[in-house]
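In what follows, a structure is listed as structure tokens, so that the remarks can point back to it.
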Amino acid sequence: MGTKYVYFFGAGKADGNAKMKELLGGKGANLAEMTSIGLPVPAGFTISTEVCTEYYKNDRNYPASLAAEVEQNLAQVEALMGKKFGDAKNPLLVSVRSGARASMPGMMDTILNLGLNDTTVQGIIAQSGDERFAYDAYRRFVQMYSDVVMGMPKDEMEHLLEQKKDARGVHLDTDLKASDWKELVGEFKAKIKATLGVEFPEDPKEQLWGAIGAVFGSWMNQRAITYRKLNSIPADWGTAVNVQSMVFGNMGNDCATGVAFTRDPSTGEDYFYGEYLVNAQGEDVVAGIRTPQPINRAKYKPGDLPSMEEVLPDCYKQLAEIRDILERHYQDMQDIEFTIEKGILYMLQCRSGKRTAKAAIKIAVDMVAEKLIDEKTAVLRVAPSQLDQLLHPSLDPNAEKKVIAKGLPASPGAASGEVVFTADEAETLAKLGHKVILVRVETSPEDIHGMHAAQGILTARGGMTSHAAVVARGMGKCCVAGCGDIKVDYAQAQFVAKDGSVIKKGDVITLDGSTGEVMKGAVATVAAGVGGDFGTLMGWVDKFRRMKVRANADTPHDAKTARDFGAEGIGLCRTEHMFFEADRIAAVREMILSADLEGRKKALAKILPMQKGDFKGLFREMKGLPVTIRLLDPPLHEFLPQEDKDIEALSATMGVSVQTLKHKVEFLHEFNPMLGHRGCRLGITFPEIYDMQVQAIMEAACELVKEEGFEIVPEIMIPLVATTKELAVMRANAVTVCEDVIKRYAVEVQYLIGTMIELPRAAITADAIAAEADFFSFGTNDLTQTTFGLSRDDAGKFLPFYVENGLLEDDPFVTLDQQGVGELVRMGCQKGRQTRPGIKLGICGEHGGDPASVIFCDSVGLDYVSCSPFRVPIARLSAAHATLNAEAKAASAGKGCGCAGKGSDALQQPAATA
């Protein structure tokens with residue numbers, strides 16, 4: 001038997017199930033699952049992701065057996081539904097939808113009402129007894145098919161529709177009559193012929209294969225590609241295609257369609273949250289074309305339209321029961337789509353719902369309390385990258401603000417920026433360093449790149465489940481949707497608010513995604529606060545992770561922030577940042593400009609007490625935790641002024657001639673300072689600099705031990721080592737200074753001397769270097785630069801092009817290059833432990849806060865990662881994910897199958913919120 005490509009579902013039986021997402025995509029797998037557990041799902045079939053792979057591998061040609069399988073499954077649907085596809089009297093209509101294994105809302109294509117033509121529309125009229133409904137469905141199909149399949153510009157059809165409404169003197173689509181829709185169908189087809197030079201296809205089979213091809217083709221459209229890159233979804237996963245019997249929410253007032261979440265996706269609150277429209281199709285809700293109504297009265301506000309609970313009480317009761325069934329079955333919050341046709345409820349989709357970080361944490365913690373999931377599953381339900389949303393400021397409640405409009409609080413958070421009206425403008429200005437707010441009448445999937453670039457999104461139309469709301473929540477972007485208080489004018493590049501304020505492109509506004517308020521100008525913010533459910537979850541995180549998390553911190557303030565976020569020490573203190581302080585830069589420059597050793601020592605003596613004070617402050621904040629201090633790393637010329645006016649000012653301050661200063665600046669200038677006289681090379685040629693720093697570190701430690709009873713083990717890190725001899729010389733010098741200080745203070749203080757591995761040669765010879773090092777800290781920023789031969793300061797000019805065109809999977813300065821740089825890290829670990837089995841290993845580059853990089857670091861056995869203070873919780877959660885996923889993988893391999901205990905599916909899947 002050949003490969004099976006098509007999987008049927010209907011009447012309580014299905015070829016697939018929820019565990020087959022890789023093959024059937026998320027939509028297809030869940031349609032099969034809902035069918036199997038007895039929910040009312042219209043019959044249909046799923047064409048597998050394997051076909052998508054074959055389609056692109058074979059120059060957009062299908063496997064030979066596919067056509068026969070589609071025919072066979074279509075016949076099963078016809079038999080079950082009692083209708084025939086293309087039949088003149090009793091036609092079956094279908095929808096054709098995409099379905100990747102990871103949710104990609106709105107990024108790929110959908111076609112509804114497929115199978116309509118001038119003949120079958122008469123059959124629909126006979127079935128429904130409603131000519132207006134039939135021709136409305138027909139014009140929707142022509143409009144959608146011409147855009148998605150034939151490439152007809154959307155605006156052309158929209159223009160014809162608006163012309164028709166103007167001619168009839170009406171404002172709403174629902175005000176048009178059957179004759180109007182019938183005329184529009186003809187006008188649409190004529191426009192297609194005039195614009196594209198081809199007839200609209202009348203053959204339903206041709207329509208079906210055109211739609212299938214368009215959905216597979218949409219896997220590689222620009223918005224889908226952009227979304228995959230933003231969400232780390234591999235291009236080789238492909239999409240499935242779901243062909244499903246149509247049910248109609250637009251056949252009258254006993255019909256409806258809606259979208260709901262089994263819990264609030266913004267807050268995580270346990271109440272049934274959703275919107276619906278009477279006499280509408282599903283696209284009307286998510287596209288924001290009409291203002292939707294709430295499904296229940298749980299949070300009814302004066303002025304709200306009647307809820308589904310009131311208008312269609314029996315269907316609402318059934319939907320609420322299905323909500324409970326789905327949550328118990330999937331043990332997760334679900335995003336569902338439904339349609340009601342003539343008072344009968346049908347389920348069209350369920351999937352793990354996109355949610356904000358706050359909601360993800362609350363839902364996970366609540367579900368543990370409800371005994372739906374265990375603590376390990378709860379930890380894996382929260383995506384590390386989402387925590388960024390919780391760790392940044394919100395609007396200061398005491399700040400003055402001028403509210404000019406109010407919309408729906410679609411995605412929480414606060415954002416200020418310059419107004420722009422197109423996605424391209426948002427992306428362009430963001431690349432130039434501007435903070436922007438993207439303002440649209442309504443967003444569409446084509447806006448994805450601009451939404452990503454913007455600080456926040458404001459739309460005039462659309463509800464809490466509109467495209468803008470769903471995508472913004474997934475991105476963690478602040479969003480105010482459905483703001484009817486503003487009138488957007490693209491032509492004038494402005495919007496007018498209800499209070500009369502005119503906001504033009506470039507003006508600054510502020511959004512509060514938690515209240516829906518739009519404010520004129522920038523509004524002050526306050527620091528984020530974490531606690532409650534966050535604290536509970538992070539307690540579980542720390543219980544499960546193996547790897548420690550430290551912070552990169554150079555000041556006591558940064559150290560305190562890091563400790564508040566759960567840092568277990570400092571993995572990198574950059575001492576050069578202390579040199580730039582205003583009260584000591586003069587002494588630093590005096591040291592650099594000194595003509596001899598005695599002059600340098602005299603200047604360094606001024607810096608010594610300042611450095612000692614710095615280190616005492618760090619040690620106090622990190623009492624009881626390790627602190628790694630890197631000795632001076634950058635070349636000396638960075639501390640000297642470069643502009644003539646600055647050199648003249650320094651000349652006056654120091655009493656040194658301008659000519660002398662210019663000569664020194666020129667002498668110290670380096671053409672490639674990244675690879676020049678820096679790091680341990682400074683310590684070799686000017687040992688007095690490193691001696692002063694080591695003395696300051698040890699005196700700070702000894703004084704705290706002697707005077708305040710501290711227990712402390714300073715970790716002294718020597719940067720940019722390339723050879724064992726370099727480190728041996730530096731270590732010997734440091735030991736001499738350390739022992740001298742300890743002897744003078746007459747106390748016992750242990751200390752460690754290690755190095756930063758940031759050159760390929762150091763990683764390759766790590767076994768030899770380890771003989772002189774108590775610890776390694778991998779400086780992955782410079783290791784990436786030196787491995788790739790890239791300058792981080794200049795590579796931004798072309799790296800985005802490399803990533804966009806698949807030459808690199810990710811920016812290597814954001815996510816660790818595991819094949820190259822990662823192999824050097826792995827090699828350094830293995831070789832270092834060969835020589836010194838107990839050597840302490842960590843990383844301190846920016847990759848220490850990147851989830852994928854943290855998981856890699858765990859896999860090679862690092863003891864800790866170090867990152868910026870605000871990313872410490874992200875690293876902690878990533879480390880827990882690494883441990884739990886490794887345990888699940890080992891358990892699965894041991895059992896020889898994918899089976900595991902309660903909640904095991906989450907252990908083997910990416911977090912639903914990623």
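Residues in the structure tokens are named by chain (A, B, ... in the order shown) and by number from 1 within that chain; ligands are numbered from 1 in the order shown.
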- request: Please return as a PyMOL selection string: the residues of range 75-202 of chain A that backbone DSSP assigns to alpha helix (DSSP H).
  value: chain A and resi 75-81+120-128+131-148+154-168+178-196
message: Excluding Gly679 in chain A and its own-chain neighbours fewer than 3 positions away, which residues fall within 8 Å of it when counting only C-alpha atoms? Please give them as a count of residues only.
response: 11
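The shortest atom-to-atom distance to Val518 in chain A, with only C-alpha atoms taken into account, belongs to A:Lys406 out of A:Trp209, A:Ala415, A:Pro105, A:Lys406.
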- request: Identify, with DSSP run on backbone atoms, the residues in range 396-427 of chain A assigned to strand (DSSP E), and express the list as a list in words.
  value: Lys402, Val403, Ile404, Ala405, Lys406, Leu408, Pro409, Ala410, Ser411, Ala414, Ala415, Ser416, Gly417, Glu418, Val419 and Val420 of chain A
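When only C-alpha atoms are used to compute distances to Lys664 in chain A, the closest of the residues A:Ser416, A:Ser245, A:Thr536, A:Gln642 turns out to be A:Gln642.
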